Amino acid sequence: MQRISIDPITRLEGHGKIDIFLDEQGNVADAYLQIPELRGFERFCVGRPAEDMPNLTNRICGVCPEAHHMASTKALDALFHVDPPPTAKKLRELFYSIFYATDHTTHFYALAGPDFVMGPDAPKAERNILGVIKKVGMDIAGKVLKMRHDGHHLIKMMGGRPVHPNWGLPGGVSRGITEEQREEIERLGLDAVEFAKFSLQLFTDIVLGNPDYVSMVTSDEFTHNTYNMGTVDENNCVNFYDGHIRVVGPDGQEHARYLPGEYQDYVEERVEPWSYLKFPYLKKVGWKGFTDGVDSGVYKATPLSRLNAADGMATPLAQAEYERMYDTLGGKPVQHTLATHWARLVELQYAAEHWVELARDPDITGDNFRVLPTETPTEGVGCVEAPRGTLTHHYTTDERGILTKVNLIVGTTNNNAAINMSVKKAAKGLIKSGKVISDGLLNQVEMAFRAYDPCMACATHTLPGQLPMEVRLRNPEGEVLTTYKQNLT
Amino acid sequence: MRTIVVGLGNPILSDDRAGLAAAQILEKLLQDQPDIDIVLDTCGGLRLMELLLGYDRALILDAIVTGNPPGTVHLLPADAIASQRSASAHDVNLTTALIMGRQAGGNLPDDDHIHYIGIEAEDIQTFSEECTPAVSNAILEAVSLALHELGLDPVLIESAEFDPSNYPIRGF
């Protein structure tokens, strides 16, 4: 069997390593993405007070610390058996909507946008955000930076610190907002609603207006008929902060609907010898390997999965975009990986609208934003929808609140099996009888997992700054025949 | 010349905290320098660029992995490293972010006025609040180099009252 390796320079740089195995005919037999994992987090946490966790866990990740902070805070609510007052819940959800709008903006413009706006076959030098700016117009740079600036400003204002908030407490939050702050939040939220509309229009004009892109999005190479997971509210609409976790099958039928504390009844974590990262799957369906279909417990938890797992969006503009997406792509569920980018923009619209809704809520400036816990802590699970998938924090303590056990299922982990399947399909479409398209292979394999926006490790070093990869084509004896490099010196 | 010194890193990830430790020492040493701001952060790419807005000069301290012996201190120009620091494929590198920021009309330091001080790390994958010994021992060298780059007297270090081998970084 031949082997192609797509390698980062070293494991230390935090990037995945892709191994593509070829059969004797030079066609793809298997493909695996290996993700380096940071070590010893549970050991690091055990023995500490549980109240440290919202501030500790937001240091796990340099990309979505706000999501860890929120899941951890909710786990503390459960651990200390305390129900935050309505103002606290609404403040948290407002904060989280602002974070979502900011995060989805960065992903779409910095990462996904170049593939669509410039095209996957554009020269590498142009396939970046600067190429997007050049093609779409200089104004776009200012719009993206303003959106990010507004989001970070409000996250700091509410959460106490930029990026790594220190705000969440069991039973509520550490401070509320004034009327003056509320007015600013509402005003910037209205700008965010307009920015989301602009982004969806851009997607419509550039992507949907180009039959080649639509064909690529809907191609079999980028399609997996798996289960889909997401959090829904009481009306089965998408909710990022709270609700039931709902799973729908490849046929669109509801498979499960459960509360975060019941996750172990529905999700099992599998270990593979070649990967540090676990492979969660649906317990009641079972693990059948890296395959899709109704009999395989593989599921996805992405922006697109959340839309598939829900019956709609809770705000009017997002609902209209939700309906347009499904009408265009042929109804539910949509299983095309690249449509995740479209779903992300629908979620951007929802996040911005919900941001404004919550800023206008009469409770939001209330001063009852924390209930002090009085019960003895035991065990607690907290879930939120991180931008990259359902995020679960599970803590157990002794009666003093000292941690004895910690388990996390992070967004990217949910999608581990599906990412591997996507990499394999992309490689299969590009490698035929040993013929490898070098740049196309690298970018399209990257596109396959980039749609999931995977966090491969957190706050580690990624020098020299672009995804460094090396493709090695090996003969059945393991000798290197050809080497392709990207972003390696 | 308005100057920003940015210490980057993760305070609970072994040697990844080295840049933060160096910046915190500088914060203590330079508290009487009105034109120098010290910032501790964990970011890269767009956010790092956004931190530099409004400054004439930037000095970035960070752990680095180049294959040199742990504790080696590097001084690098802006274009030598496209530091990204987010380990998802989620962000752009600093070079790209700087171009974008300038295109958007942002007031950013020239590339000639952006430098990195990199402290070669041994372990940036194990959760710990302590650096490895070689890296701990290099933190003062990085501080000294930073002072030199800022045009200040490295002798300032001798008056500091701290143990750099296990310097407590505030908060996590």
# chains A, B, ... in the order shown; residues from 1 in each chain; ligands from 1
>>> select_by_dssp(residues="chain B", states="strand (DSSP E or B)", output="NGL selection string")
:B and (3-8 or 13 or 36-41 or 57-64 or 73-77 or 88 or 114-120 or 126 or 128)
>>> residues_around(residues="stretch 130-132 of chain A", least_positions_apart="4", cutoff="9 Å", atoms="only C-alpha atoms", output="NGL selection string")
(:A and (109-110 or 113-114 or 117-118 or 125-126 or 136-137 or 140-141)) or (:B and (96-97 or 99-100))
>>> write_last_selection(atoms="N, CA and C atoms", output="PDB file, in the first residue's frame")
ATOM      1  N   TYR A 109     -14.984  35.536   6.569  1.00  0.00           N
ATOM      2  CA  TYR A 109     -14.169  36.415   5.727  1.00  0.00           C
ATOM      3  C   TYR A 109     -12.701  36.015   5.678  1.00  0.00           C
ATOM      4  N   ALA A 110     -12.168  35.528   6.788  1.00  0.00           N
ATOM      5  CA  ALA A 110     -10.739  35.219   6.808  1.00  0.00           C
ATOM      6  C   ALA A 110     -10.449  33.838   6.254  1.00  0.00           C
ATOM      7  N   GLY A 113     -14.251  32.615   2.996  1.00  0.00           N
ATOM      8  CA  GLY A 113     -14.475  33.546   1.902  1.00  0.00           C
ATOM      9  C   GLY A 113     -13.527  33.382   0.729  1.00  0.00           C
ATOM     10  N   PRO A 114     -12.227  33.279   1.007  1.00  0.00           N
ATOM     11  CA  PRO A 114     -11.291  33.197  -0.114  1.00  0.00           C
ATOM     12  C   PRO A 114     -11.578  32.040  -1.074  1.00  0.00           C
ATOM     13  N   VAL A 117     -14.920  33.362  -2.944  1.00  0.00           N
ATOM     14  CA  VAL A 117     -14.825  34.636  -3.655  1.00  0.00           C
ATOM     15  C   VAL A 117     -13.725  34.569  -4.721  1.00  0.00           C
ATOM     16  N   MET A 118     -12.596  33.966  -4.364  1.00  0.00           N
ATOM     17  CA  MET A 118     -11.488  33.864  -5.310  1.00  0.00           C
ATOM     18  C   MET A 118     -11.572  32.572  -6.118  1.00  0.00           C
ATOM     19  N   ALA A 125      -1.388  32.863  -3.869  1.00  0.00           N
ATOM     20  CA  ALA A 125      -1.078  34.202  -3.374  1.00  0.00           C
ATOM     21  C   ALA A 125      -2.326  35.081  -3.286  1.00  0.00           C
ATOM     22  N   GLU A 126      -3.352  34.729  -4.073  1.00  0.00           N
ATOM     23  CA  GLU A 126      -4.571  35.553  -4.064  1.00  0.00           C
ATOM     24  C   GLU A 126      -5.672  34.931  -3.212  1.00  0.00           C
ATOM     25  N   VAL A 136     -13.713  42.321  -3.970  1.00  0.00           N
ATOM     26  CA  VAL A 136     -15.023  42.822  -3.531  1.00  0.00           C
ATOM     27  C   VAL A 136     -15.000  44.334  -3.334  1.00  0.00           C
ATOM     28  N   GLY A 137     -13.855  44.861  -2.966  1.00  0.00           N
ATOM     29  CA  GLY A 137     -13.766  46.306  -2.737  1.00  0.00           C
ATOM     30  C   GLY A 137     -13.158  46.602  -1.381  1.00  0.00           C
ATOM     31  N   ILE A 140     -14.841  46.472   2.248  1.00  0.00           N
ATOM     32  CA  ILE A 140     -15.101  45.245   3.005  1.00  0.00           C
ATOM     33  C   ILE A 140     -14.136  45.117   4.187  1.00  0.00           C
ATOM     34  N   ALA A 141     -12.887  45.559   3.987  1.00  0.00           N
ATOM     35  CA  ALA A 141     -11.914  45.458   5.088  1.00  0.00           C
ATOM     36  C   ALA A 141     -12.394  46.257   6.286  1.00  0.00           C
TER      37      ALA A 141
ATOM     38  N   THR B  96      -0.521  39.274   6.905  1.00  0.00           N
ATOM     39  CA  THR B  96      -1.747  39.532   6.150  1.00  0.00           C
ATOM     40  C   THR B  96      -2.640  40.516   6.904  1.00  0.00           C
ATOM     41  N   ALA B  97      -2.733  40.314   8.209  1.00  0.00           N
ATOM     42  CA  ALA B  97      -3.592  41.188   9.013  1.00  0.00           C
ATOM     43  C   ALA B  97      -3.095  42.636   8.961  1.00  0.00           C
ATOM     44  N   ILE B  99      -1.447  44.092   6.507  1.00  0.00           N
ATOM     45  CA  ILE B  99      -1.784  44.663   5.190  1.00  0.00           C
ATOM     46  C   ILE B  99      -3.261  45.054   5.174  1.00  0.00           C
ATOM     47  N   MET B 100      -4.105  44.155   5.687  1.00  0.00           N
ATOM     48  CA  MET B 100      -5.541  44.426   5.705  1.00  0.00           C
ATOM     49  C   MET B 100      -5.842  45.667   6.557  1.00  0.00           C
TER      50      MET B 100
END
>>> closest_residue(among="A:Ala29, A:Ala309, A:Met138, A:Leu94", to="chain B", atoms="only C-alpha atoms")
A:Met138
>>> residues_around(residues="B:Gly19", least_positions_apart="4", cutoff="7 Å", atoms="only C-alpha atoms", output="short mmCIF file (atom, residue, chain, number, x, y, z; two decimals) with C-alpha atoms, in the first residue's frame")
data_model
loop_
_atom_site.label_atom_id
_atom_site.label_comp_id
_atom_site.auth_asym_id
_atom_site.auth_seq_id
_atom_site.Cartn_x
_atom_site.Cartn_y
_atom_site.Cartn_z
CA GLY B 7 3.46 39.51 25.77
CA LEU B 8 1.76 36.55 24.14
CA GLY B 9 1.07 33.10 25.49
CA ALA B 23 6.12 41.13 29.57
CA LEU B 61 7.39 38.67 23.11
CA ASP B 62 6.37 35.09 22.61
CA ALA B 63 7.47 31.51 23.00
#
>>> closest_atom_pairs(of="stretch 4-79 of chain B", to="stretch 129-133 of chain B", cutoff="8 Å", atoms="only C-alpha atoms", output="Markdown table")
| residue | atom | partner | partner_atom | distance |
| --- | --- | --- | --- | --- |
| B:Pro11 | CA | B:Glu129 | CA | 6.4 |
| B:Ile12 | CA | B:Glu129 | CA | 4.8 |
| B:Leu13 | CA | B:Glu129 | CA | 6.6 |
| B:Ser14 | CA | B:Cys131 | CA | 4.7 |
| B:Asp15 | CA | B:Cys131 | CA | 4.5 |
| B:Asp16 | CA | B:Cys131 | CA | 7.7 |
| B:Arg17 | CA | B:Cys131 | CA | 7.1 |
| B:Ala18 | CA | B:Cys131 | CA | 7.0 |
>>> residues_around(residues="stretch 68-76 of chain B", least_positions_apart="2", cutoff="7 Å", atoms="only C-alpha atoms", output="PDB file with C-alpha atoms, in the first residue's frame")
ATOM      1  CA  THR B  66      12.286  26.672  15.647  1.00  0.00           C
ATOM      2  CA  ALA B  78       8.275  41.688  11.379  1.00  0.00           C
ATOM      3  CA  ALA B  80      10.456  36.805   9.677  1.00  0.00           C
ATOM      4  CA  HIS B 115      10.021  43.253  16.181  1.00  0.00           C
ATOM      5  CA  TYR B 116       9.582  39.896  17.846  1.00  0.00           C
ATOM      6  CA  ILE B 117      11.521  38.461  20.708  1.00  0.00           C
ATOM      7  CA  GLY B 118      11.044  34.719  20.660  1.00  0.00           C
ATOM      8  CA  ILE B 119      12.007  32.444  23.539  1.00  0.00           C
ATOM      9  CA  GLU B 120      12.663  28.948  22.282  1.00  0.00           C
ATOM     10  CA  ALA B 121      10.250  26.601  24.051  1.00  0.00           C
ATOM     11  CA  GLU B 122      10.757  23.003  25.078  1.00  0.00           C
ATOM     12  CA  ALA B 134      15.965  26.207  30.405  1.00  0.00           C
ATOM     13  CA  VAL B 135      13.121  28.499  29.412  1.00  0.00           C
ATOM     14  CA  ALA B 138      16.050  32.585  29.516  1.00  0.00           C
ATOM     15  CA  ALA B 142      14.562  38.172  26.797  1.00  0.00           C
TER      16      ALA B 142
END
>>> atom_distance(atom1="atom CA of A:Leu348", atom2="atom CA of A:Thr315")
11.4 Å
>>> closest_residue(among="A:Val247, A:Ala71, A:Ala451, A:Val271", to="chain B", atoms="only C-alpha atoms")
A:Ala451
>>> residues_around(residues="stretch 235-240 of chain A", least_positions_apart="3", cutoff="12 Å", atoms="only C-alpha atoms", output="JSON, numbers by chain")
{"A": [67, 70, 71, 92, 93, 94, 95, 96, 97, 98, 99, 100, 101, 229, 230, 231, 232, 243, 244, 245, 246, 247, 248, 254, 257, 302, 303, 304, 305, 306, 307, 308, 309, 310, 311, 312, 313, 314, 315, 316, 318, 319, 322, 343, 346, 347, 348, 350, 351, 354, 355, 383, 384, 385, 386, 387, 388, 389, 390, 391]}
>>> select_by_dssp(residues="stretch 262-445 of chain A", states="alpha helix (DSSP H)", output="JSON, numbers by chain")
{"A": [263, 264, 265, 266, 303, 304, 305, 306, 307, 308, 309, 316, 317, 318, 319, 320, 321, 322, 323, 324, 325, 326, 327, 328, 329, 340, 341, 342, 343, 344, 345, 346, 347, 348, 349, 350, 351, 352, 353, 354, 355, 356, 357, 358, 359, 411, 412, 413, 414, 416, 417, 418, 419, 420, 421, 422, 423, 424, 425, 426, 427, 428, 429, 430, 438, 439, 440, 441, 442, 443, 444, 445]}
>>> write_last_selection(atoms="C-alpha atoms", output="PDB file, in the first residue's frame")
ATOM      1  CA  TYR A 263     -25.511  13.263  27.402  1.00  0.00           C
ATOM      2  CA  GLN A 264     -23.871  10.039  28.534  1.00  0.00           C
ATOM      3  CA  ASP A 265     -27.056   8.130  27.686  1.00  0.00           C
ATOM      4  CA  TYR A 266     -26.764   9.277  24.079  1.00  0.00           C
ATOM      5  CA  PRO A 303     -23.591  25.337  11.980  1.00  0.00           C
ATOM      6  CA  LEU A 304     -25.242  23.316   9.221  1.00  0.00           C
ATOM      7  CA  SER A 305     -25.979  20.483  11.668  1.00  0.00           C
ATOM      8  CA  ARG A 306     -27.658  22.915  14.035  1.00  0.00           C
ATOM      9  CA  LEU A 307     -29.937  24.095  11.238  1.00  0.00           C
ATOM     10  CA  ASN A 308     -30.644  20.499  10.220  1.00  0.00           C
ATOM     11  CA  ALA A 309     -31.418  19.516  13.816  1.00  0.00           C
ATOM     12  CA  PRO A 316     -37.501  36.738  11.202  1.00  0.00           C
ATOM     13  CA  LEU A 317     -34.582  37.611   8.925  1.00  0.00           C
ATOM     14  CA  ALA A 318     -32.687  34.441   9.860  1.00  0.00           C
ATOM     15  CA  GLN A 319     -35.845  32.361   9.340  1.00  0.00           C
ATOM     16  CA  ALA A 320     -36.251  33.790   5.843  1.00  0.00           C
ATOM     17  CA  GLU A 321     -32.615  32.937   5.054  1.00  0.00           C
ATOM     18  CA  TYR A 322     -33.069  29.469   6.564  1.00  0.00           C
ATOM     19  CA  GLU A 323     -36.004  28.811   4.253  1.00  0.00           C
ATOM     20  CA  ARG A 324     -34.116  30.194   1.251  1.00  0.00           C
ATOM     21  CA  MET A 325     -31.155  27.920   1.936  1.00  0.00           C
ATOM     22  CA  TYR A 326     -33.263  24.771   2.163  1.00  0.00           C
ATOM     23  CA  ASP A 327     -35.375  25.765  -0.856  1.00  0.00           C
ATOM     24  CA  THR A 328     -32.209  26.278  -2.886  1.00  0.00           C
ATOM     25  CA  LEU A 329     -30.484  23.085  -1.784  1.00  0.00           C
ATOM     26  CA  THR A 340     -21.774  24.836   6.320  1.00  0.00           C
ATOM     27  CA  HIS A 341     -20.445  28.236   5.255  1.00  0.00           C
ATOM     28  CA  TRP A 342     -23.913  29.310   4.159  1.00  0.00           C
ATOM     29  CA  ALA A 343     -25.417  27.987   7.400  1.00  0.00           C
ATOM     30  CA  ARG A 344     -22.810  29.989   9.309  1.00  0.00           C
ATOM     31  CA  LEU A 345     -24.068  33.178   7.670  1.00  0.00           C
ATOM     32  CA  VAL A 346     -27.687  32.285   8.538  1.00  0.00           C
ATOM     33  CA  GLU A 347     -26.491  31.896  12.116  1.00  0.00           C
ATOM     34  CA  LEU A 348     -24.668  35.229  11.884  1.00  0.00           C
ATOM     35  CA  GLN A 349     -27.995  36.810  10.964  1.00  0.00           C
ATOM     36  CA  TYR A 350     -29.735  35.113  13.893  1.00  0.00           C
ATOM     37  CA  ALA A 351     -26.988  36.071  16.348  1.00  0.00           C
ATOM     38  CA  ALA A 352     -27.212  39.726  15.323  1.00  0.00           C
ATOM     39  CA  GLU A 353     -31.011  39.834  15.493  1.00  0.00           C
ATOM     40  CA  HIS A 354     -31.089  38.069  18.849  1.00  0.00           C
ATOM     41  CA  TRP A 355     -28.411  40.464  20.125  1.00  0.00           C
ATOM     42  CA  VAL A 356     -30.792  43.368  19.389  1.00  0.00           C
ATOM     43  CA  GLU A 357     -33.806  41.517  20.825  1.00  0.00           C
ATOM     44  CA  LEU A 358     -32.034  40.882  24.097  1.00  0.00           C
ATOM     45  CA  ALA A 359     -30.663  44.428  24.262  1.00  0.00           C
ATOM     46  CA  GLY A 411     -16.874  21.255  19.386  1.00  0.00           C
ATOM     47  CA  THR A 412     -14.281  19.850  17.019  1.00  0.00           C
ATOM     48  CA  THR A 413     -14.238  16.463  18.755  1.00  0.00           C
ATOM     49  CA  ASN A 414     -17.881  15.890  17.825  1.00  0.00           C
ATOM     50  CA  ASN A 416     -13.755  14.103  14.326  1.00  0.00           C
ATOM     51  CA  ALA A 417     -15.163  11.093  12.478  1.00  0.00           C
ATOM     52  CA  ALA A 418     -16.941  13.247   9.899  1.00  0.00           C
ATOM     53  CA  ILE A 419     -13.795  15.315   9.273  1.00  0.00           C
ATOM     54  CA  ASN A 420     -11.863  12.128   8.575  1.00  0.00           C
ATOM     55  CA  MET A 421     -14.558  10.988   6.181  1.00  0.00           C
ATOM     56  CA  SER A 422     -14.497  14.353   4.418  1.00  0.00           C
ATOM     57  CA  VAL A 423     -10.730  14.249   3.994  1.00  0.00           C
ATOM     58  CA  LYS A 424     -10.951  10.764   2.522  1.00  0.00           C
ATOM     59  CA  LYS A 425     -13.668  11.722   0.051  1.00  0.00           C
ATOM     60  CA  ALA A 426     -11.825  14.837  -1.076  1.00  0.00           C
ATOM     61  CA  ALA A 427      -8.646  12.830  -1.565  1.00  0.00           C
ATOM     62  CA  LYS A 428     -10.504  10.125  -3.486  1.00  0.00           C
ATOM     63  CA  GLY A 429     -11.857  12.693  -5.886  1.00  0.00           C
ATOM     64  CA  LEU A 430      -8.411  14.074  -6.542  1.00  0.00           C
ATOM     65  CA  SER A 438      -0.507  18.906  -5.977  1.00  0.00           C
ATOM     66  CA  ASP A 439      -1.941  22.360  -5.212  1.00  0.00           C
ATOM     67  CA  GLY A 440      -5.492  21.250  -5.898  1.00  0.00           C
ATOM     68  CA  LEU A 441      -5.057  18.311  -3.559  1.00  0.00           C
ATOM     69  CA  LEU A 442      -3.693  20.447  -0.788  1.00  0.00           C
ATOM     70  CA  ASN A 443      -6.351  23.102  -1.038  1.00  0.00           C
ATOM     71  CA  GLN A 444      -9.325  20.832  -1.609  1.00  0.00           C
ATOM     72  CA  VAL A 445      -8.314  18.503   1.199  1.00  0.00           C
TER      73      VAL A 445
END
>>> atom_distance(atom1="atom CA of A:Glu262", atom2="atom CA of A:His394")
10.9 Å
>>> residues_around(residues="A:Thr226", least_positions_apart="3", cutoff="8 Å", atoms="only C-alpha atoms", output="list in words")
Gly249, Pro250, Asp292, Gly293, Val294, Ser296, Gly297, Val298, Tyr299, Lys300 and Gln335 of chain A
>>> closest_residue(among="A:Lys332, A:Arg370, A:Lys143, A:His255", to="chain B", atoms="only C-alpha atoms")
A:Lys143
>>> closest_residue(among="A:Asp23, A:Asp453, A:Asp115, A:Glu269", to="chain B", atoms="only C-alpha atoms")
A:Asp453
>>> decode(residues="stretch 106-127 of chain A", atoms="N, CA and C atoms", output="PDB file, in the first residue's frame")
ATOM      1  N   THR A 106     -15.379  36.436  11.499  1.00  0.00           N
ATOM      2  CA  THR A 106     -13.961  36.158  11.256  1.00  0.00           C
ATOM      3  C   THR A 106     -13.816  34.912  10.399  1.00  0.00           C
ATOM      4  N   HIS A 107     -14.549  33.879  10.759  1.00  0.00           N
ATOM      5  CA  HIS A 107     -14.412  32.644   9.999  1.00  0.00           C
ATOM      6  C   HIS A 107     -14.773  32.845   8.544  1.00  0.00           C
ATOM      7  N   PHE A 108     -15.896  33.473   8.299  1.00  0.00           N
ATOM      8  CA  PHE A 108     -16.347  33.564   6.914  1.00  0.00           C
ATOM      9  C   PHE A 108     -15.385  34.390   6.068  1.00  0.00           C
ATOM     10  N   TYR A 109     -14.984  35.536   6.569  1.00  0.00           N
ATOM     11  CA  TYR A 109     -14.169  36.415   5.727  1.00  0.00           C
ATOM     12  C   TYR A 109     -12.701  36.015   5.678  1.00  0.00           C
ATOM     13  N   ALA A 110     -12.168  35.528   6.788  1.00  0.00           N
ATOM     14  CA  ALA A 110     -10.739  35.219   6.808  1.00  0.00           C
ATOM     15  C   ALA A 110     -10.449  33.838   6.254  1.00  0.00           C
ATOM     16  N   LEU A 111     -11.409  32.948   6.380  1.00  0.00           N
ATOM     17  CA  LEU A 111     -11.103  31.556   6.088  1.00  0.00           C
ATOM     18  C   LEU A 111     -11.903  30.987   4.928  1.00  0.00           C
ATOM     19  N   ALA A 112     -13.216  31.058   5.029  1.00  0.00           N
ATOM     20  CA  ALA A 112     -14.048  30.435   4.002  1.00  0.00           C
ATOM     21  C   ALA A 112     -14.151  31.309   2.767  1.00  0.00           C
ATOM     22  N   GLY A 113     -14.251  32.615   2.996  1.00  0.00           N
ATOM     23  CA  GLY A 113     -14.475  33.546   1.902  1.00  0.00           C
ATOM     24  C   GLY A 113     -13.527  33.382   0.729  1.00  0.00           C
ATOM     25  N   PRO A 114     -12.227  33.279   1.007  1.00  0.00           N
ATOM     26  CA  PRO A 114     -11.291  33.197  -0.114  1.00  0.00           C
ATOM     27  C   PRO A 114     -11.578  32.040  -1.074  1.00  0.00           C
ATOM     28  N   ASP A 115     -11.997  30.903  -0.569  1.00  0.00           N
ATOM     29  CA  ASP A 115     -12.258  29.770  -1.454  1.00  0.00           C
ATOM     30  C   ASP A 115     -13.394  30.080  -2.423  1.00  0.00           C
ATOM     31  N   PHE A 116     -14.397  30.779  -1.917  1.00  0.00           N
ATOM     32  CA  PHE A 116     -15.555  31.047  -2.761  1.00  0.00           C
ATOM     33  C   PHE A 116     -15.384  32.311  -3.591  1.00  0.00           C
ATOM     34  N   VAL A 117     -14.920  33.362  -2.944  1.00  0.00           N
ATOM     35  CA  VAL A 117     -14.825  34.636  -3.655  1.00  0.00           C
ATOM     36  C   VAL A 117     -13.725  34.569  -4.721  1.00  0.00           C
ATOM     37  N   MET A 118     -12.596  33.966  -4.364  1.00  0.00           N
ATOM     38  CA  MET A 118     -11.488  33.864  -5.310  1.00  0.00           C
ATOM     39  C   MET A 118     -11.572  32.572  -6.118  1.00  0.00           C
ATOM     40  N   GLY A 119     -12.231  31.569  -5.557  1.00  0.00           N
ATOM     41  CA  GLY A 119     -12.304  30.264  -6.202  1.00  0.00           C
ATOM     42  C   GLY A 119     -11.204  29.356  -5.715  1.00  0.00           C
ATOM     43  N   PRO A 120     -11.512  28.063  -5.590  1.00  0.00           N
ATOM     44  CA  PRO A 120     -10.530  27.129  -5.038  1.00  0.00           C
ATOM     45  C   PRO A 120      -9.299  26.956  -5.914  1.00  0.00           C
ATOM     46  N   ASP A 121      -9.426  27.300  -7.201  1.00  0.00           N
ATOM     47  CA  ASP A 121      -8.284  27.119  -8.098  1.00  0.00           C
ATOM     48  C   ASP A 121      -7.491  28.402  -8.313  1.00  0.00           C
ATOM     49  N   ALA A 122      -7.870  29.476  -7.625  1.00  0.00           N
ATOM     50  CA  ALA A 122      -7.127  30.736  -7.769  1.00  0.00           C
ATOM     51  C   ALA A 122      -5.698  30.534  -7.269  1.00  0.00           C
ATOM     52  N   PRO A 123      -4.753  31.342  -7.800  1.00  0.00           N
ATOM     53  CA  PRO A 123      -3.371  31.215  -7.314  1.00  0.00           C
ATOM     54  C   PRO A 123      -3.324  31.404  -5.800  1.00  0.00           C
ATOM     55  N   LYS A 124      -2.440  30.636  -5.174  1.00  0.00           N
ATOM     56  CA  LYS A 124      -2.360  30.657  -3.716  1.00  0.00           C
ATOM     57  C   LYS A 124      -2.186  32.071  -3.157  1.00  0.00           C
ATOM     58  N   ALA A 125      -1.388  32.863  -3.869  1.00  0.00           N
ATOM     59  CA  ALA A 125      -1.078  34.202  -3.374  1.00  0.00           C
ATOM     60  C   ALA A 125      -2.326  35.081  -3.286  1.00  0.00           C
ATOM     61  N   GLU A 126      -3.352  34.729  -4.073  1.00  0.00           N
ATOM     62  CA  GLU A 126      -4.571  35.553  -4.064  1.00  0.00           C
ATOM     63  C   GLU A 126      -5.672  34.931  -3.212  1.00  0.00           C
ATOM     64  N   ARG A 127      -5.460  33.678  -2.794  1.00  0.00           N
ATOM     65  CA  ARG A 127      -6.534  32.953  -2.109  1.00  0.00           C
ATOM     66  C   ARG A 127      -6.499  33.264  -0.611  1.00  0.00           C
TER      67      ARG A 127
END
